[in-house]
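Encoded as structure tokens, the structure appears first; notes follow it.
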There are 2 protein chains.
Amino acid sequence: MFKTEIADCTMEWLRCLRKNGYRLTAPRKAVVEIMASSQYILTPTDIFTLARERYPKLGLVTVYRTIEKLEELGLLQRVHRPSDCQGFIAAYQGHQHMLICQKCGLVQFFDGDHDGINDLMKDVETQTGYKINEHWLQLFGVCKKCRQKNN
Amino acid sequence: MFKTEIADCTMEWLRCLRKNGYRLTAPRKAVVEIMASSQYILTPTDIFTLARERYPKLGLVTVYRTIEKLEELGLLQRVHRPSDCQGFIAAYQGHQHMLICQKCGLVQFFDGDHDGINDLMKDVETQTGYKINEHWLQLFGVCKKCRQKNN
DNA sequence: TTTTATGCAAAGTATTTGCACGGGA
DNA sequence: TCCCGTGCAAATACTTTGCATAAAA
């Protein structure tokens, strides 16, 4: 049920970009290197700052444009949180949901094809007459490490 | 499990504002009248346009400021959707979740204290070591009316 | 060599803030 | 009357677009 391995998919992402007709440029590589290995939700500005350490000439606009492409290819997904919705994180295969640490921002994925959810959706369909096409489930909490650290 | 009644909470909201030390002004009333009875997700601009029909001198800034207060008082909640997160809708008592029609935007509420969800959260807590504090569950689909109308 | 990608600057959106005036209580 | 609330204008953020240059293939 859980994806705990921290795979660095940089090579895979670069291959995917090339396969889809995109050129492999230094700025793109810098952004991909950051995002393909991060377990944290990053905003375009965060990405810009981090990727600049690898490629100082990088412009913020290129970050936006690269995010757009990676999202199109299903490699990156936008994350919605109560306070902001500009965060991005690597998208995992299949139907995945997130558990987000409210202290450190660490993200853990779990899949949503749990019987409970399916039962709930069936109930809701029957009772409302809606045809349900999509569901969003996101959990917020405090991770193991943060719980041990303080209070 | 479902809240199907379409209660117009205008009076209740106005009472709540006054109880919390806010003045009952014409612009605020116009915004409250729109939001307290809407079953649809509205953006600040939508609210502005609609409330202007009732109070033409209304400024967009006042809409933002009123939304802020209503949100603070727990009367209004922000709704996140794949494409945008600037929508608002009346917040219902207790732990509520939304089922949103992808065609017409009609929103139906249901409560999330379903056994399935609780079981899932317990599983996730055990397996990850996280302490879960909050969950977001939102369903997207097509409502009865829209399904009957076209295709 | 050809064509895509980049970075800068400028233009759009969305939202917030400063401030003098107006209207609720 | 007193003070909060309002609308305007300006400021701030965030994101997208136009365009000449740079670099991938």
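Lettering and numbering for the structure tokens are positional, with chains as A, B, ... in the shown order, residues counted from 1 in each chain, and ligands counted from 1 in the shown order.
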Just need the residues of chain D within 10 Å of chain A, counting only C-alpha atoms (C1' of nucleotides), so spit them out as a compact mmCIF listing (two decimals) with N, CA, C and O atoms (P, O5', C5', C4', C3', O3' and C1' of nucleotides), in the first residue's frame.
# COMPACT_ATOMS: atom_id res chain seq x y z
P DC D 14 4.22 35.59 -4.04
O5' DC D 14 3.56 35.08 -5.40
C5' DC D 14 2.14 34.92 -5.46
C4' DC D 14 1.74 34.72 -6.90
C3' DC D 14 2.63 33.73 -7.66
O3' DC D 14 1.77 32.70 -8.15
C1' DC D 14 2.23 35.69 -8.93
P DT D 15 2.35 31.42 -8.91
O5' DT D 15 2.14 31.83 -10.43
C5' DT D 15 0.81 32.15 -10.84
C4' DT D 15 0.83 32.65 -12.27
C3' DT D 15 1.59 31.76 -13.25
O3' DT D 15 0.63 31.29 -14.20
C1' DT D 15 2.08 34.06 -13.58
P DT D 16 1.03 30.49 -15.53
O5' DT D 16 1.05 31.64 -16.64
C5' DT D 16 -0.08 32.46 -16.80
C4' DT D 16 0.14 33.41 -17.96
C3' DT D 16 0.64 32.74 -19.24
O3' DT D 16 -0.19 33.23 -20.30
C1' DT D 16 2.08 34.53 -18.64
P DA D 23 24.82 29.70 -25.23
O5' DA D 23 24.08 28.34 -25.54
C5' DA D 23 22.92 27.97 -24.81
C4' DA D 23 22.25 26.83 -25.51
C3' DA D 23 23.23 25.71 -25.93
O3' DA D 23 22.56 24.50 -25.71
C1' DA D 23 21.99 26.38 -27.77
P DA D 24 23.28 23.14 -25.42
O5' DA D 24 22.28 22.11 -26.10
C5' DA D 24 20.98 21.94 -25.55
C4' DA D 24 20.09 21.29 -26.58
C3' DA D 24 20.60 19.94 -27.08
O3' DA D 24 19.50 19.07 -27.15
C1' DA D 24 20.35 21.44 -28.91
P DA D 25 19.64 17.51 -27.39
O5' DA D 25 19.46 17.38 -28.96
C5' DA D 25 18.20 17.67 -29.57
C4' DA D 25 18.35 17.49 -31.08
C3' DA D 25 19.12 16.22 -31.48
O3' DA D 25 18.45 15.58 -32.53
C1' DA D 25 20.06 18.11 -32.51
Could you pull out the strand (DSSP E or B) residues of chain A, going by DSSP on the backbone, and write them as number ranges by chain? A: 2-3, 40, 42, 76-79, 87-90, 96-101, 106-111, 131-142
Applying 12 Å and only C-alpha atoms (C1' of nucleotides), which residues near DC2 in chain D remain after dropping the ones on its own chain fewer than 3 positions away? List them as a list of chain:residue names. C:DG23, C:DG24, C:DA25
If you measure from CA of Leu60 in chain B to CA of Leu42 in chain B, what distance in Å do you get, rounded to one decimal? 13.6 Å
For range 13-22 of chain C, list every protein, DNA or RNA residue within 8 Å, evaluated using only C-alpha atoms (C1' of nucleotides), and leave out those in the same chain fewer than 6 positions away; present the list as a count of residues only. 5
Select, as a ChimeraX atom specification, those residues of chain C with any atom no more than 10 Å from chain A (distances computed using only C-alpha atoms (C1' of nucleotides)). /C:4-8
Taking a cut-off of 6 Å and counting only C-alpha atoms, can you build a table that, for each residue of chain B near chain A, reports the nearest atom pair and how far apart they are in Å (one decimal), sorted by chain then residue number, as JSON lines?
{"residue": "B:Gly116", "atom": "CA", "partner": "A:Gly116", "partner_atom": "CA", "distance": 3.5}
{"residue": "B:Ile117", "atom": "CA", "partner": "A:Gly116", "partner_atom": "CA", "distance": 5.9}
{"residue": "B:Gly129", "atom": "CA", "partner": "A:Lys144", "partner_atom": "CA", "distance": 5.1}
{"residue": "B:Tyr130", "atom": "CA", "partner": "A:Cys143", "partner_atom": "CA", "distance": 4.3}
{"residue": "B:Lys131", "atom": "CA", "partner": "A:Val142", "partner_atom": "CA", "distance": 5.2}
{"residue": "B:Ile132", "atom": "CA", "partner": "A:Gly141", "partner_atom": "CA", "distance": 4.0}
{"residue": "B:Asn133", "atom": "CA", "partner": "A:Gly141", "partner_atom": "CA", "distance": 4.9}
{"residue": "B:Glu134", "atom": "CA", "partner": "A:Phe140", "partner_atom": "CA", "distance": 5.1}
{"residue": "B:His135", "atom": "CA", "partner": "A:Leu139", "partner_atom": "CA", "distance": 4.5}
{"residue": "B:Trp136", "atom": "CA", "partner": "A:Gln138", "partner_atom": "CA", "distance": 5.1}
{"residue": "B:Leu137", "atom": "CA", "partner": "A:Leu137", "partner_atom": "CA", "distance": 4.5}
{"residue": "B:Gln138", "atom": "CA", "partner": "A:Trp136", "partner_atom": "CA", "distance": 5.1}
{"residue": "B:Leu139", "atom": "CA", "partner": "A:His135", "partner_atom": "CA", "distance": 4.5}
{"residue": "B:Phe140", "atom": "CA", "partner": "A:Glu134", "partner_atom": "CA", "distance": 5.1}
{"residue": "B:Gly141", "atom": "CA", "partner": "A:Ile132", "partner_atom": "CA", "distance": 4.0}
{"residue": "B:Val142", "atom": "CA", "partner": "A:Lys131", "partner_atom": "CA", "distance": 5.2}
{"residue": "B:Cys143", "atom": "CA", "partner": "A:Tyr130", "partner_atom": "CA", "distance": 4.3}
{"residue": "B:Lys144", "atom": "CA", "partner": "A:Gly129", "partner_atom": "CA", "distance": 5.1}
Could you write those residues out with all heavy atoms, as a CSV table (one decimal), in the first residue's frame?
chain,number,residue,atom,x,y,z
B,116,GLY,N,-15.4,3.7,6.6
B,116,GLY,CA,-14.3,3.4,5.6
B,116,GLY,C,-13.2,4.4,5.7
B,116,GLY,O,-12.0,4.0,5.7
B,117,ILE,N,-13.5,5.6,5.9
B,117,ILE,CA,-12.4,6.6,6.0
B,117,ILE,C,-11.7,6.5,7.3
B,117,ILE,O,-10.5,6.6,7.3
B,117,ILE,CB,-13.1,8.0,5.9
B,117,ILE,CG1,-13.9,8.2,4.7
B,117,ILE,CG2,-12.0,9.1,6.0
B,117,ILE,CD1,-13.1,8.6,3.5
B,129,GLY,N,3.4,5.8,11.0
B,129,GLY,CA,3.9,6.5,12.2
B,129,GLY,C,3.5,7.9,12.3
B,129,GLY,O,3.9,8.6,13.2
B,130,TYR,N,2.8,8.4,11.3
B,130,TYR,CA,2.3,9.8,11.4
B,130,TYR,C,1.1,9.8,12.4
B,130,TYR,O,0.4,8.8,12.6
B,130,TYR,CB,1.7,10.2,10.0
B,130,TYR,CG,2.7,10.8,9.0
B,130,TYR,CD1,3.8,10.0,8.6
B,130,TYR,CD2,2.5,12.0,8.5
B,130,TYR,CE1,4.6,10.5,7.6
B,130,TYR,CE2,3.4,12.5,7.5
B,130,TYR,CZ,4.4,11.7,7.1
B,130,TYR,OH,5.3,12.2,6.1
B,131,LYS,N,0.9,11.0,13.0
B,131,LYS,CA,-0.3,11.3,13.7
B,131,LYS,C,-1.2,12.1,12.8
B,131,LYS,O,-0.8,13.3,12.5
B,131,LYS,CB,0.0,12.0,15.0
B,131,LYS,CG,-1.2,12.6,15.8
B,131,LYS,CD,-1.9,11.6,16.6
B,131,LYS,CE,-3.1,12.1,17.3
B,131,LYS,NZ,-4.1,12.8,16.4
B,132,ILE,N,-2.3,11.6,12.4
B,132,ILE,CA,-3.2,12.3,11.4
B,132,ILE,C,-4.1,13.3,12.1
B,132,ILE,O,-4.8,12.9,13.0
B,132,ILE,CB,-4.0,11.3,10.5
B,132,ILE,CG1,-3.0,10.5,9.7
B,132,ILE,CG2,-4.9,12.1,9.6
B,132,ILE,CD1,-3.6,9.4,8.9
B,133,ASN,N,-4.1,14.5,11.7
B,133,ASN,CA,-4.9,15.6,12.3
B,133,ASN,C,-6.1,16.0,11.5
B,133,ASN,O,-7.0,16.6,12.0
B,133,ASN,CB,-4.0,16.8,12.6
B,133,ASN,CG,-2.9,16.5,13.6
B,133,ASN,OD1,-3.1,15.8,14.5
B,133,ASN,ND2,-1.8,17.1,13.3
B,134,GLU,N,-6.0,15.9,10.2
B,134,GLU,CA,-7.0,16.5,9.3
B,134,GLU,C,-7.1,15.6,8.0
B,134,GLU,O,-6.1,15.1,7.6
B,134,GLU,CB,-6.5,17.9,9.0
B,134,GLU,CG,-7.6,18.8,8.5
B,134,GLU,CD,-7.1,20.1,8.0
B,134,GLU,OE1,-6.0,20.6,8.5
B,134,GLU,OE2,-7.7,20.8,7.2
B,135,HIS,N,-8.2,15.6,7.5
B,135,HIS,CA,-8.3,14.9,6.1
B,135,HIS,C,-9.2,15.7,5.2
B,135,HIS,O,-10.2,16.3,5.6
B,135,HIS,CB,-8.8,13.5,6.2
B,135,HIS,CG,-10.2,13.3,6.7
B,135,HIS,ND1,-10.6,13.3,8.0
B,135,HIS,CD2,-11.3,13.0,6.0
B,135,HIS,CE1,-11.9,13.1,8.1
B,135,HIS,NE2,-12.4,12.9,6.8
B,136,TRP,N,-8.8,15.7,4.0
B,136,TRP,CA,-9.6,16.4,2.9
B,136,TRP,C,-10.1,15.3,2.0
B,136,TRP,O,-9.4,14.5,1.5
B,136,TRP,CB,-8.6,17.2,2.1
B,136,TRP,CG,-8.4,18.6,2.5
B,136,TRP,CD1,-8.9,19.2,3.7
B,136,TRP,CD2,-7.7,19.6,1.8
B,136,TRP,NE1,-8.5,20.5,3.7
B,136,TRP,CE2,-7.8,20.8,2.6
B,136,TRP,CE3,-7.1,19.6,0.5
B,136,TRP,CZ2,-7.2,22.0,2.1
B,136,TRP,CZ3,-6.5,20.8,0.1
B,136,TRP,CH2,-6.6,22.0,0.9
B,137,LEU,N,-11.4,15.3,1.8
B,137,LEU,CA,-12.0,14.4,0.8
B,137,LEU,C,-12.9,15.1,0.0
B,137,LEU,O,-13.8,15.8,0.5
B,137,LEU,CB,-12.7,13.2,1.5
B,137,LEU,CG,-13.4,12.3,0.6
B,137,LEU,CD1,-12.5,11.5,-0.3
B,137,LEU,CD2,-14.2,11.2,1.4
B,138,GLN,N,-12.8,15.1,-1.3
B,138,GLN,CA,-13.6,15.8,-2.2
B,138,GLN,C,-13.9,14.9,-3.4
B,138,GLN,O,-13.0,14.3,-4.0
B,138,GLN,CB,-12.9,17.1,-2.6
B,138,GLN,CG,-13.8,18.3,-2.8
B,138,GLN,CD,-13.0,19.5,-2.8
B,138,GLN,OE1,-12.7,20.1,-1.8
B,138,GLN,NE2,-12.6,19.9,-4.0
B,139,LEU,N,-15.2,14.9,-3.8
B,139,LEU,CA,-15.5,14.1,-5.0
B,139,LEU,C,-16.0,14.9,-6.1
B,139,LEU,O,-16.6,16.0,-5.9
B,139,LEU,CB,-16.7,13.1,-4.6
B,139,LEU,CG,-16.4,12.2,-3.3
B,139,LEU,CD1,-17.6,11.3,-3.1
B,139,LEU,CD2,-15.2,11.3,-3.5
B,140,PHE,N,-15.7,14.5,-7.3
B,140,PHE,CA,-16.1,15.2,-8.5
B,140,PHE,C,-16.9,14.3,-9.4
B,140,PHE,O,-16.5,13.1,-9.6
B,140,PHE,CB,-14.8,15.7,-9.3
B,140,PHE,CG,-13.9,16.6,-8.5
B,140,PHE,CD1,-12.9,16.2,-7.7
B,140,PHE,CD2,-14.2,18.0,-8.5
B,140,PHE,CE1,-12.1,17.0,-7.0
B,140,PHE,CE2,-13.4,18.9,-7.8
B,140,PHE,CZ,-12.3,18.4,-7.0
B,141,GLY,N,-17.9,14.8,-9.9
B,141,GLY,CA,-18.7,14.0,-10.8
B,141,GLY,C,-19.8,14.8,-11.6
B,141,GLY,O,-19.6,16.0,-11.8
B,142,VAL,N,-20.8,14.1,-12.0
B,142,VAL,CA,-21.8,14.8,-12.8
B,142,VAL,C,-23.2,14.6,-12.1
B,142,VAL,O,-23.5,13.4,-11.8
B,142,VAL,CB,-21.9,14.3,-14.2
B,142,VAL,CG1,-23.0,15.0,-15.0
B,142,VAL,CG2,-20.5,14.4,-14.9
B,143,CYS,N,-23.9,15.6,-11.8
B,143,CYS,CA,-25.1,15.5,-11.1
B,143,CYS,C,-26.3,14.9,-11.9
B,143,CYS,O,-26.2,14.8,-13.1
B,143,CYS,CB,-25.5,16.9,-10.5
B,143,CYS,SG,-26.3,18.0,-11.6
B,144,LYS,N,-27.3,14.5,-11.2
B,144,LYS,CA,-28.5,13.9,-11.8
B,144,LYS,C,-29.0,14.7,-13.0
B,144,LYS,O,-29.2,14.1,-14.0
B,144,LYS,CB,-29.6,13.8,-10.7
B,144,LYS,CG,-30.4,12.6,-10.7
B,144,LYS,CD,-31.3,12.5,-9.5
B,144,LYS,CE,-31.9,11.1,-9.3
B,144,LYS,NZ,-32.6,11.0,-8.0
For each of A:Glu12, A:Glu72, A:Asp46, A:Asp111, take the minimum atom-to-atom distance to Val31 in chain A, counting only C-alpha atoms, then give the residue where this is smallest. A:Asp46
Write out as a compact mmCIF listing (two decimals) with C-alpha atoms (C1' of nucleotides), in the first residue's frame which residues come within 10 Å of DT17 in chain D when counting only C-alpha atoms (C1' of nucleotides), dropping same-chain ones fewer than 6 positions away.
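Written output follows (around25.txt):
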# COMPACT_ATOMS: atom_id res chain seq x y z
C1' DA C 10 6.65 43.91 -20.13
C1' DA C 11 1.93 42.76 -19.64
C1' DG C 12 -1.70 40.42 -17.29
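A straight line drawn from CA of Ala91 in chain B to CA of Ile47 in chain B is 15.9 Å long.
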